[in-house]
2 protein chains.
Amino acid sequence: MAVQTIATTSAPGTTGAPETDRDTAFGPAVALSCRECGERFPLGPVFACQECFGPLEVAYEFPSGDPEALRAAIEAGPDNIWRYAPLLPVPADVASRPNMNPGFTKLVRADNLARELGVTGGLHVKDDSGNPTHSFKDRVVAIAVEAARAFGFTTLSCSSTGNLAGAVGAAAARAGFRSCVFIPHDLEAGKVVMAAVYGGDLVGIEGNYDDVNRFCSELIGDPLGEGWGFVNVNLRPYYGEGSKTLAYEICEQLGWRLPDNIVVPIASGSQLTKIDKGLQELIRLGLVEEKPYRIFGAQAAGCSPVSTAFKNGHDVVRPVKPDTIAKSLAIGNPADGPYVLDIARRTGGAVEDVTDEEVVDAIKLLARTEGIFAETAGGVTVGVLRKLIESGQLDPAAETVVLNTGDGLKTLDAVAPTTGPSAVIRPDLDSLRDADFFRKHTTDDRNSREAGLA
Amino acid sequence: MAVQTIATTSAPGTTGAPETDRDTAFGPAVALSCRECGERFPLGPVFACQECFGPLEVAYEFPSGDPEALRAAIEAGPDNIWRYAPLLPVPADVASRPNMNPGFTKLVRADNLARELGVTGGLHVKDDSGNPTHSFKDRVVAIAVEAARAFGFTTLSCSSTGNLAGAVGAAAARAGFRSCVFIPHDLEAGKVVMAAVYGGDLVGIEGNYDDVNRFCSELIGDPLGEGWGFVNVNLRPYYGEGSKTLAYEICEQLGWRLPDNIVVPIASGSQLTKIDKGLQELIRLGLVEEKPYRIFGAQAAGCSPVSTAFKNGHDVVRPVKPDTIAKSLAIGNPADGPYVLDIARRTGGAVEDVTDEEVVDAIKLLARTEGIFAETAGGVTVGVLRKLIESGQLDPAAETVVLNTGDGLKTLDAVAPTTGPSAVIRPDLDSLRDADFFRKHTTDDRNSREAGLA
């Protein structure tokens with residue numbers, strides 16, 4: 001491993017890293033480009049434009065070719081995100097490297113939920129709880145790991161309140177990186193265990209999530225952070241590309257078709273923008289037929305700066321102080337908020353928010369209709385879907401995909417106060433017969449039999 | 001739905017259920033046959049032989065045909081257990097029915113773990129935490145759901161201490177069954193939430209797991225249980241077949257080859273016997289080339305009746321009172337214990353057990369080497385694998401598959417006492433620099449750089 005050197009006069013948003021063979025390490029990616037001013041930079045561990053401080057994203061030169069052949073190559077690929085390696089900033093041999101290999105999670109046909117919500121055009125849940133550490137974060141981390149390898153980083157790091165810590169810890173363990181993850185010191189015990197079990201270093205910071213982020217920014221610019229790849233900071237342009245695979249998978253799993261509507265949760269807003277980017281790429285490459293689609297953003301009412309801006313017709317997003325049970329979405333100052341507004345407006349979508357009570361109701365609704373136990377972020381998207389239908393903002397006769405990006409096992413506290421046994425009884429049949437819930441069922445059954453006979 | 005009638009003089013181990021069109025409902029399955037005396041019975045909700053009280057299992061008539069064509073048909077099937085529908089007691093159109101569609105979980109090439117354990121012949125983890133409710137129970141419940149449909153049951157039930165309750169609750173919700181699951185009343189709060197969130201009835205029984213089981217057996221024989229399919233009692237022969245899919249997937253994912261060794265956890269022992277059944281079927285159908293394989297059983301020392309019998313050369317298994325953190329394996333009187341002994345001896349395998357401390361160590365070992373966070377049952381199999389190698393019972397030069405059948409998120413308590421942050425620091429770089437763990441790394445890095453230069 002080459003020894004990394006830090007430039008003493010680093011430009012804003014850059015960190016030094018050793019040069020490696022970048023001709024092949026990033027596949028079809030050719031540059032980083034500024035989302036604001038369009039300025040281009042070489043592929044590197046850089047996350048902000050040196051001209052205008054705008055966010056950088058990966059730019060590609062995709063080979064022109066027969067879409068049929070590309071579709072066939074993808075379908076013959078592995079059952080994970082690497083089937084889309086030709087569309088990602090990763091080397092062609094990525095599938096043979098040690099990585100968590102996330103993705104190709106189930107697109108669940110949700111007929112029961114559709115009936116409850118009155119959706120007649122077809123409803124699907126893209127269920128990312130099936131990823132290795134049970135959240136969509138495995139997708140973004142998987143790409144960041146390959147970038148870290150290319151840049152010669154030896155330690156993987158991030159700031160996190162839960163899902164990302166686990167994803168980084170697991171991926172680093174398997175890929176042979178050291179990891180050091182920073183979390184607020186007062187995180188719930190369960191989340192600490194999940195983040196620490198992979199054997200990397202987990203550091204509690206005395207402060208809140210904003211303090212953790214500030215600390216990480218400071219560390220990146222310091223020699224102490226030499227050789228460290230922060231997946232969501234100096235590797236962020238690569239990391240973000242992982243979310244494109246959600247768009248690819250949804251369309252492939254629909255039979256290489258665009259859905260009419262997609263409902264996406266908003267934390268930083270990055271995921272929503274990358275899903276749009278992915279859909280546009282599929283159209284441009286001829287992998288799906290072009291047609292209108294609408295992208296809807298979902299927030300919790302207790303952290304709804306983008307929803308508020310959308311409803312008020314604003315172009316800028318005013319930061320808020322989060323107060324919601326949907327902690328994985330609780331980013332009060334979402335970096336990609338303005339781009340989310342653009343996309344929602346351009347595609348004819350919307351941004352909506354739901355209360356914590358509606359989040360809990362939606363988690364339970366999804367569980368009892370489809371057997372999917374979502375984390376709070378999934379309660380936000382399903383709750384927002386219901387609200388969008390009820391308010392006439394989303395056409396129930398159109399085909400809709402709603403995202404569940406995490407696992408209910410990680411946010412048990414959200415439903416625990418209102419979820420428990422129907423009864424506690426002695427181990428005999430009389431006790432069962434006398435239990436209220438059982439008597440009610442028996443009466444219901446008799447009523448429906450009598451109704452059937454009438 | 002036909003109204004079910006209960007025979008007033010039911011034979012042992014039988015329950016009445018309405019006749020349905022069974023010609024197609026069970027695919028290639030043709031009968032139930034007694035594992036002890038070989039007597040055959042029609043396919044029905046029956047679990048014990050009316051002649052000798054032995055356990056019944058599903059008997060098939062597989063079509064003879066070209067193995068190449070069958071392999072191709074399987075490979076063209078869905079990415080779940082229904083790709084093996086031609087080998088399971090399910091209808092041909094099973095993939096179009098509402099079901100959780102578990103299976104085709106990752107077979108993870110575990111090179112890091114292999115290095116730690118000294119395995120040179122190739123090591124793979126079959127990671128069933130990727131199933132919809134994150135345990136292998138989704139496989140067995142998926143088959144039981146289809147049998148319940150065929151028999152006209154309206155309620156799905158089971159006794160459970162955790163994983164099975166969640167799997168039944170989720171599957172019933174999606175498939176449109178009522179569910180009523182029985183658990184010991186003092187189960188941990190988290191497990192109660194997981195089992196109850198799917199909206200079915202969850203009933204706490206004042207007593208231990210044995211009391212719950214006795215209660216369920218009583219309920220099956222009573223009119224109160226009319227229309228109820230207990231997945232692990234009166235649907236047990238079908239349920240058990242779900243475990244065969246682990247064998248099918250392992251061999252297909254290896255490129256239609258048998259591994260040399262498989263390490264399987266033992267609770268009732270059913271899973272191990274069905275994996276052997278599945279391997280035998282693959283050989284018989286010509287889907288894999290016949291060669292010797294060894295099956296190893298893994299128990300926790302605190303519930304090791306089969307391991308004890310194996311080591312003592314006994315044919316019978318003496319029941320024990322379980323006392324182990326591996327609660328999903330804590331069956332003191334394993335019904336299939338004698339068959340497990342037969343299979344381990346016939347194939348040249350073994351049965352071994354590890355202490356709770358070794359279980360915890362093995363969970364952490366798997367997490368830090370492969371990024372897989374296993375439940376305690378996975379700690380048992382990995383711990384036993386290590387012990388088998390160290391004691392010379394398993395050849396490290398042979399190709400080995402070790403099963404992880406559940407998810408660490410469900411047994412956080414096992415690792416929580418010994419898993420935590422490396423440090424808690426103030427949000428400044430000096431605090432990081434001074435933290436013990438960080439100083440140690442810096443020293444290690446300097447030493448390895450100096451060693452590299454020397």
# chains A, B, ... in the order shown; residues from 1 in each chain; ligands from 1
$ interface_residues --of "chain A" --to "chain B" --cutoff "6 Å" --atoms "only C-alpha atoms" --output "ChimeraX atom specification"
/A:130,170,173-174,193,196,198-199,201-206,215,367-371,416,419-427
$ select_by_dssp --residues "region 148-212 of chain A" --states "alpha helix (DSSP H)" --output "list of chain:residue names"
A:Ala148, A:Arg149, A:Ala150, A:Phe151, A:Asn163, A:Leu164, A:Ala165, A:Gly166, A:Ala167, A:Val168, A:Gly169, A:Ala170, A:Ala171, A:Ala172, A:Ala173, A:Arg174, A:Ala175, A:Ala189, A:Gly190, A:Lys191, A:Val192, A:Val193, A:Met194, A:Ala195, A:Ala196, A:Tyr209, A:Asp210, A:Asp211, A:Val212
$ select_by_dssp --residues "region 254-454 of chain B" --states "strand (DSSP E)" --output "list in words"
Asn261, Ile262, Val263, Val264, Pro265, Arg294, Ile295, Phe296, Gly297, Ala298, Gln299, Ala300, Val351, Glu352, Asp353, Val354, Thr400, Val401, Val402, Leu403, Asn404, Ala423, Val424 and Ile425 of chain B
$ write_last_selection --atoms "N, CA, C and O atoms" --output "tab-separated table (two decimals), in the first residue's frame"
chain	number	residue	atom	x	y	z
B	261	ASN	N	-18.02	-30.92	3.03
B	261	ASN	CA	-18.53	-30.87	4.41
B	261	ASN	C	-19.61	-29.81	4.54
B	261	ASN	O	-19.50	-28.73	3.95
B	262	ILE	N	-20.64	-30.12	5.32
B	262	ILE	CA	-21.64	-29.11	5.68
B	262	ILE	C	-21.80	-29.13	7.19
B	262	ILE	O	-21.97	-30.21	7.79
B	263	VAL	N	-21.76	-27.96	7.81
B	263	VAL	CA	-21.93	-27.85	9.26
B	263	VAL	C	-23.29	-27.20	9.53
B	263	VAL	O	-23.54	-26.06	9.12
B	264	VAL	N	-24.16	-27.94	10.22
B	264	VAL	CA	-25.58	-27.59	10.36
B	264	VAL	C	-25.94	-27.51	11.84
B	264	VAL	O	-25.53	-28.38	12.61
B	265	PRO	N	-26.70	-26.49	12.25
B	265	PRO	CA	-27.12	-26.44	13.65
B	265	PRO	C	-28.21	-27.48	13.93
B	265	PRO	O	-28.97	-27.85	13.04
B	294	ARG	N	-19.78	-35.13	3.95
B	294	ARG	CA	-19.92	-35.35	5.39
B	294	ARG	C	-20.83	-34.27	5.97
B	294	ARG	O	-20.66	-33.09	5.67
B	295	ILE	N	-21.77	-34.68	6.80
B	295	ILE	CA	-22.64	-33.72	7.47
B	295	ILE	C	-22.30	-33.70	8.96
B	295	ILE	O	-22.25	-34.74	9.62
B	296	PHE	N	-22.04	-32.48	9.44
B	296	PHE	CA	-21.67	-32.28	10.84
B	296	PHE	C	-22.79	-31.52	11.55
B	296	PHE	O	-23.31	-30.54	11.01
B	297	GLY	N	-23.13	-31.97	12.74
B	297	GLY	CA	-24.17	-31.30	13.53
B	297	GLY	C	-23.53	-30.44	14.61
B	297	GLY	O	-22.49	-30.79	15.18
B	298	ALA	N	-24.18	-29.30	14.90
B	298	ALA	CA	-23.62	-28.36	15.87
B	298	ALA	C	-24.65	-28.04	16.95
B	298	ALA	O	-25.78	-27.67	16.66
B	299	GLN	N	-24.23	-28.18	18.19
B	299	GLN	CA	-25.10	-27.84	19.33
B	299	GLN	C	-24.35	-26.93	20.30
B	299	GLN	O	-23.12	-26.82	20.26
B	300	ALA	N	-25.14	-26.27	21.15
B	300	ALA	CA	-24.55	-25.52	22.26
B	300	ALA	C	-24.34	-26.49	23.43
B	300	ALA	O	-25.17	-27.39	23.65
B	351	VAL	N	-20.94	-34.92	15.48
B	351	VAL	CA	-21.76	-33.92	16.17
B	351	VAL	C	-20.90	-33.38	17.31
B	351	VAL	O	-20.29	-34.15	18.06
B	352	GLU	N	-20.84	-32.05	17.40
B	352	GLU	CA	-19.97	-31.43	18.39
B	352	GLU	C	-20.73	-30.28	19.05
B	352	GLU	O	-21.77	-29.84	18.56
B	353	ASP	N	-20.23	-29.82	20.18
B	353	ASP	CA	-20.90	-28.72	20.88
B	353	ASP	C	-19.87	-27.72	21.40
B	353	ASP	O	-18.70	-28.06	21.60
B	354	VAL	N	-20.33	-26.48	21.60
B	354	VAL	CA	-19.45	-25.41	22.10
B	354	VAL	C	-20.15	-24.66	23.23
B	354	VAL	O	-21.37	-24.58	23.28
B	400	THR	N	-15.81	-26.69	2.56
B	400	THR	CA	-16.78	-26.71	3.66
B	400	THR	C	-17.78	-25.57	3.55
B	400	THR	O	-17.44	-24.45	3.19
B	401	VAL	N	-19.03	-25.91	3.85
B	401	VAL	CA	-20.10	-24.91	3.94
B	401	VAL	C	-20.61	-24.90	5.38
B	401	VAL	O	-20.92	-25.96	5.93
B	402	VAL	N	-20.67	-23.71	5.97
B	402	VAL	CA	-21.20	-23.59	7.33
B	402	VAL	C	-22.45	-22.73	7.27
B	402	VAL	O	-22.50	-21.72	6.56
B	403	LEU	N	-23.50	-23.14	7.98
B	403	LEU	CA	-24.78	-22.44	7.91
B	403	LEU	C	-24.89	-21.35	8.97
B	403	LEU	O	-24.56	-21.58	10.14
B	404	ASN	N	-25.35	-20.17	8.55
B	404	ASN	CA	-25.86	-19.20	9.51
B	404	ASN	C	-27.36	-19.08	9.27
B	404	ASN	O	-27.80	-18.58	8.25
B	423	ALA	N	-13.89	4.06	22.43
B	423	ALA	CA	-13.65	5.24	23.27
B	423	ALA	C	-14.84	6.16	23.18
B	423	ALA	O	-15.60	6.11	22.21
B	424	VAL	N	-15.00	6.98	24.19
B	424	VAL	CA	-15.93	8.11	24.11
B	424	VAL	C	-15.09	9.36	24.34
B	424	VAL	O	-14.36	9.45	25.33
B	425	ILE	N	-15.15	10.30	23.39
B	425	ILE	CA	-14.24	11.45	23.44
B	425	ILE	C	-15.01	12.76	23.23
B	425	ILE	O	-16.15	12.75	22.78
$ closest_residue --among "A:Val119, A:Ala362, A:Val306, A:Ala451" --to "Ala335 (chain A)" --atoms "only C-alpha atoms"
A:Val306
$ residues_around --residues "region 307-309 of chain B" --least-positions-apart "2" --cutoff "12 Å" --atoms "only C-alpha atoms" --output "number ranges by chain"
B: 265-267, 269, 296-305, 311-320, 332, 334, 337-342, 344-345, 349-354, 384
$ residues_around --residues "Ser96 (chain A)" --least-positions-apart "6" --cutoff "12 Å" --atoms "only C-alpha atoms" --output "PyMOL selection string"
(chain A and resi 77-78+82-83+85+90+146+175) or (chain B and resi 108-109)
$ atom_distance --atom1 "CA of Asp434 (chain A)" --atom2 "CA of Arg236 (chain B)"
28.3 Å
$ decode --residues "region 240-266 of chain A" --atoms "N, CA, C and O atoms" --output "mmCIF file, in the first residue's frame"
data_model
loop_
_atom_site.group_PDB
_atom_site.id
_atom_site.type_symbol
_atom_site.label_atom_id
_atom_site.label_comp_id
_atom_site.auth_asym_id
_atom_site.auth_seq_id
_atom_site.Cartn_x
_atom_site.Cartn_y
_atom_site.Cartn_z
ATOM 1 N N GLY A 240 -22.606 8.223 -3.347
ATOM 2 C CA GLY A 240 -23.950 8.584 -3.815
ATOM 3 C C GLY A 240 -24.416 7.760 -4.993
ATOM 4 O O GLY A 240 -25.614 7.465 -5.121
ATOM 5 N N GLU A 241 -23.468 7.355 -5.857
ATOM 6 C CA GLU A 241 -23.850 6.602 -7.050
ATOM 7 C C GLU A 241 -24.512 5.269 -6.722
ATOM 8 O O GLU A 241 -25.230 4.704 -7.540
ATOM 9 N N GLY A 242 -24.240 4.758 -5.525
ATOM 10 C CA GLY A 242 -24.861 3.488 -5.131
ATOM 11 C C GLY A 242 -26.381 3.547 -5.179
ATOM 12 O O GLY A 242 -27.044 2.529 -5.437
ATOM 13 N N SER A 243 -26.941 4.725 -4.939
ATOM 14 C CA SER A 243 -28.403 4.841 -4.931
ATOM 15 C C SER A 243 -29.014 4.714 -6.320
ATOM 16 O O SER A 243 -30.204 4.409 -6.448
ATOM 17 N N LYS A 244 -28.200 4.946 -7.365
ATOM 18 C CA LYS A 244 -28.723 4.745 -8.724
ATOM 19 C C LYS A 244 -29.219 3.318 -8.925
ATOM 20 O O LYS A 244 -30.156 3.082 -9.695
ATOM 21 N N THR A 245 -28.569 2.381 -8.219
ATOM 22 C CA THR A 245 -28.923 0.976 -8.449
ATOM 23 C C THR A 245 -30.360 0.673 -8.041
ATOM 24 O O THR A 245 -30.963 -0.270 -8.551
ATOM 25 N N LEU A 246 -30.917 1.476 -7.134
ATOM 26 C CA LEU A 246 -32.336 1.306 -6.808
ATOM 27 C C LEU A 246 -33.197 1.540 -8.049
ATOM 28 O O LEU A 246 -34.148 0.792 -8.311
ATOM 29 N N ALA A 247 -32.858 2.580 -8.806
ATOM 30 C CA ALA A 247 -33.607 2.878 -10.033
ATOM 31 C C ALA A 247 -33.428 1.765 -11.063
ATOM 32 O O ALA A 247 -34.398 1.310 -11.686
ATOM 33 N N TYR A 248 -32.186 1.323 -11.225
ATOM 34 C CA TYR A 248 -31.929 0.254 -12.196
ATOM 35 C C TYR A 248 -32.741 -1.003 -11.855
ATOM 36 O O TYR A 248 -33.365 -1.620 -12.711
ATOM 37 N N GLU A 249 -32.675 -1.375 -10.581
ATOM 38 C CA GLU A 249 -33.341 -2.622 -10.177
ATOM 39 C C GLU A 249 -34.854 -2.530 -10.334
ATOM 40 O O GLU A 249 -35.502 -3.475 -10.793
ATOM 41 N N ILE A 250 -35.413 -1.393 -9.928
ATOM 42 C CA ILE A 250 -36.871 -1.246 -10.044
ATOM 43 C C ILE A 250 -37.298 -1.440 -11.493
ATOM 44 O O ILE A 250 -38.225 -2.201 -11.792
ATOM 45 N N CYS A 251 -36.608 -0.793 -12.405
ATOM 46 C CA CYS A 251 -36.992 -0.896 -13.820
ATOM 47 C C CYS A 251 -36.757 -2.296 -14.367
ATOM 48 O O CYS A 251 -37.605 -2.850 -15.067
ATOM 49 N N GLU A 252 -35.612 -2.896 -14.026
ATOM 50 C CA GLU A 252 -35.366 -4.264 -14.526
ATOM 51 C C GLU A 252 -36.408 -5.225 -13.968
ATOM 52 O O GLU A 252 -36.935 -6.068 -14.687
ATOM 53 N N GLN A 253 -36.704 -5.088 -12.658
ATOM 54 C CA GLN A 253 -37.650 -6.016 -12.036
ATOM 55 C C GLN A 253 -39.083 -5.810 -12.533
ATOM 56 O O GLN A 253 -39.908 -6.708 -12.432
ATOM 57 N N LEU A 254 -39.365 -4.637 -13.076
ATOM 58 C CA LEU A 254 -40.670 -4.417 -13.722
ATOM 59 C C LEU A 254 -40.669 -4.923 -15.165
ATOM 60 O O LEU A 254 -41.661 -4.784 -15.871
ATOM 61 N N GLY A 255 -39.552 -5.499 -15.593
ATOM 62 C CA GLY A 255 -39.452 -5.964 -16.979
ATOM 63 C C GLY A 255 -38.919 -4.869 -17.887
ATOM 64 O O GLY A 255 -39.423 -4.674 -18.993
ATOM 65 N N TRP A 256 -37.913 -4.149 -17.411
ATOM 66 C CA TRP A 256 -37.304 -3.049 -18.159
ATOM 67 C C TRP A 256 -38.363 -2.024 -18.573
ATOM 68 O O TRP A 256 -38.541 -1.701 -19.740
ATOM 69 N N ARG A 257 -39.063 -1.530 -17.551
ATOM 70 C CA ARG A 257 -40.088 -0.500 -17.736
ATOM 71 C C ARG A 257 -39.927 0.553 -16.655
ATOM 72 O O ARG A 257 -39.538 0.236 -15.521
ATOM 73 N N LEU A 258 -40.272 1.782 -16.959
ATOM 74 C CA LEU A 258 -40.360 2.815 -15.937
ATOM 75 C C LEU A 258 -41.706 2.692 -15.222
ATOM 76 O O LEU A 258 -42.729 2.483 -15.874
ATOM 77 N N PRO A 259 -41.726 2.848 -13.897
ATOM 78 C CA PRO A 259 -43.029 2.955 -13.224
ATOM 79 C C PRO A 259 -43.579 4.363 -13.460
ATOM 80 O O PRO A 259 -42.872 5.244 -13.954
ATOM 81 N N ASP A 260 -44.840 4.570 -13.098
ATOM 82 C CA ASP A 260 -45.402 5.922 -13.207
ATOM 83 C C ASP A 260 -44.950 6.806 -12.042
ATOM 84 O O ASP A 260 -44.656 7.978 -12.238
ATOM 85 N N ASN A 261 -44.939 6.242 -10.849
ATOM 86 C CA ASN A 261 -44.630 7.012 -9.639
ATOM 87 C C ASN A 261 -43.618 6.268 -8.780
ATOM 88 O O ASN A 261 -43.699 5.044 -8.651
ATOM 89 N N ILE A 262 -42.703 7.011 -8.173
ATOM 90 C CA ILE A 262 -41.809 6.427 -7.161
ATOM 91 C C ILE A 262 -41.849 7.324 -5.934
ATOM 92 O O ILE A 262 -41.727 8.549 -6.053
ATOM 93 N N VAL A 263 -42.043 6.708 -4.774
ATOM 94 C CA VAL A 263 -42.077 7.458 -3.513
ATOM 95 C C VAL A 263 -40.798 7.143 -2.742
ATOM 96 O O VAL A 263 -40.540 5.990 -2.386
ATOM 97 N N VAL A 264 -40.005 8.175 -2.493
ATOM 98 C CA VAL A 264 -38.638 8.030 -1.981
ATOM 99 C C VAL A 264 -38.498 8.837 -0.683
ATOM 100 O O VAL A 264 -38.962 9.976 -0.615
ATOM 101 N N PRO A 265 -37.834 8.275 0.330
ATOM 102 C CA PRO A 265 -37.623 9.057 1.556
ATOM 103 C C PRO A 265 -36.549 10.123 1.337
ATOM 104 O O PRO A 265 -35.653 9.941 0.512
ATOM 105 N N ILE A 266 -36.632 11.206 2.087
ATOM 106 C CA ILE A 266 -35.640 12.277 1.999
ATOM 107 C C ILE A 266 -34.920 12.425 3.336
ATOM 108 O O ILE A 266 -35.551 12.716 4.354
#
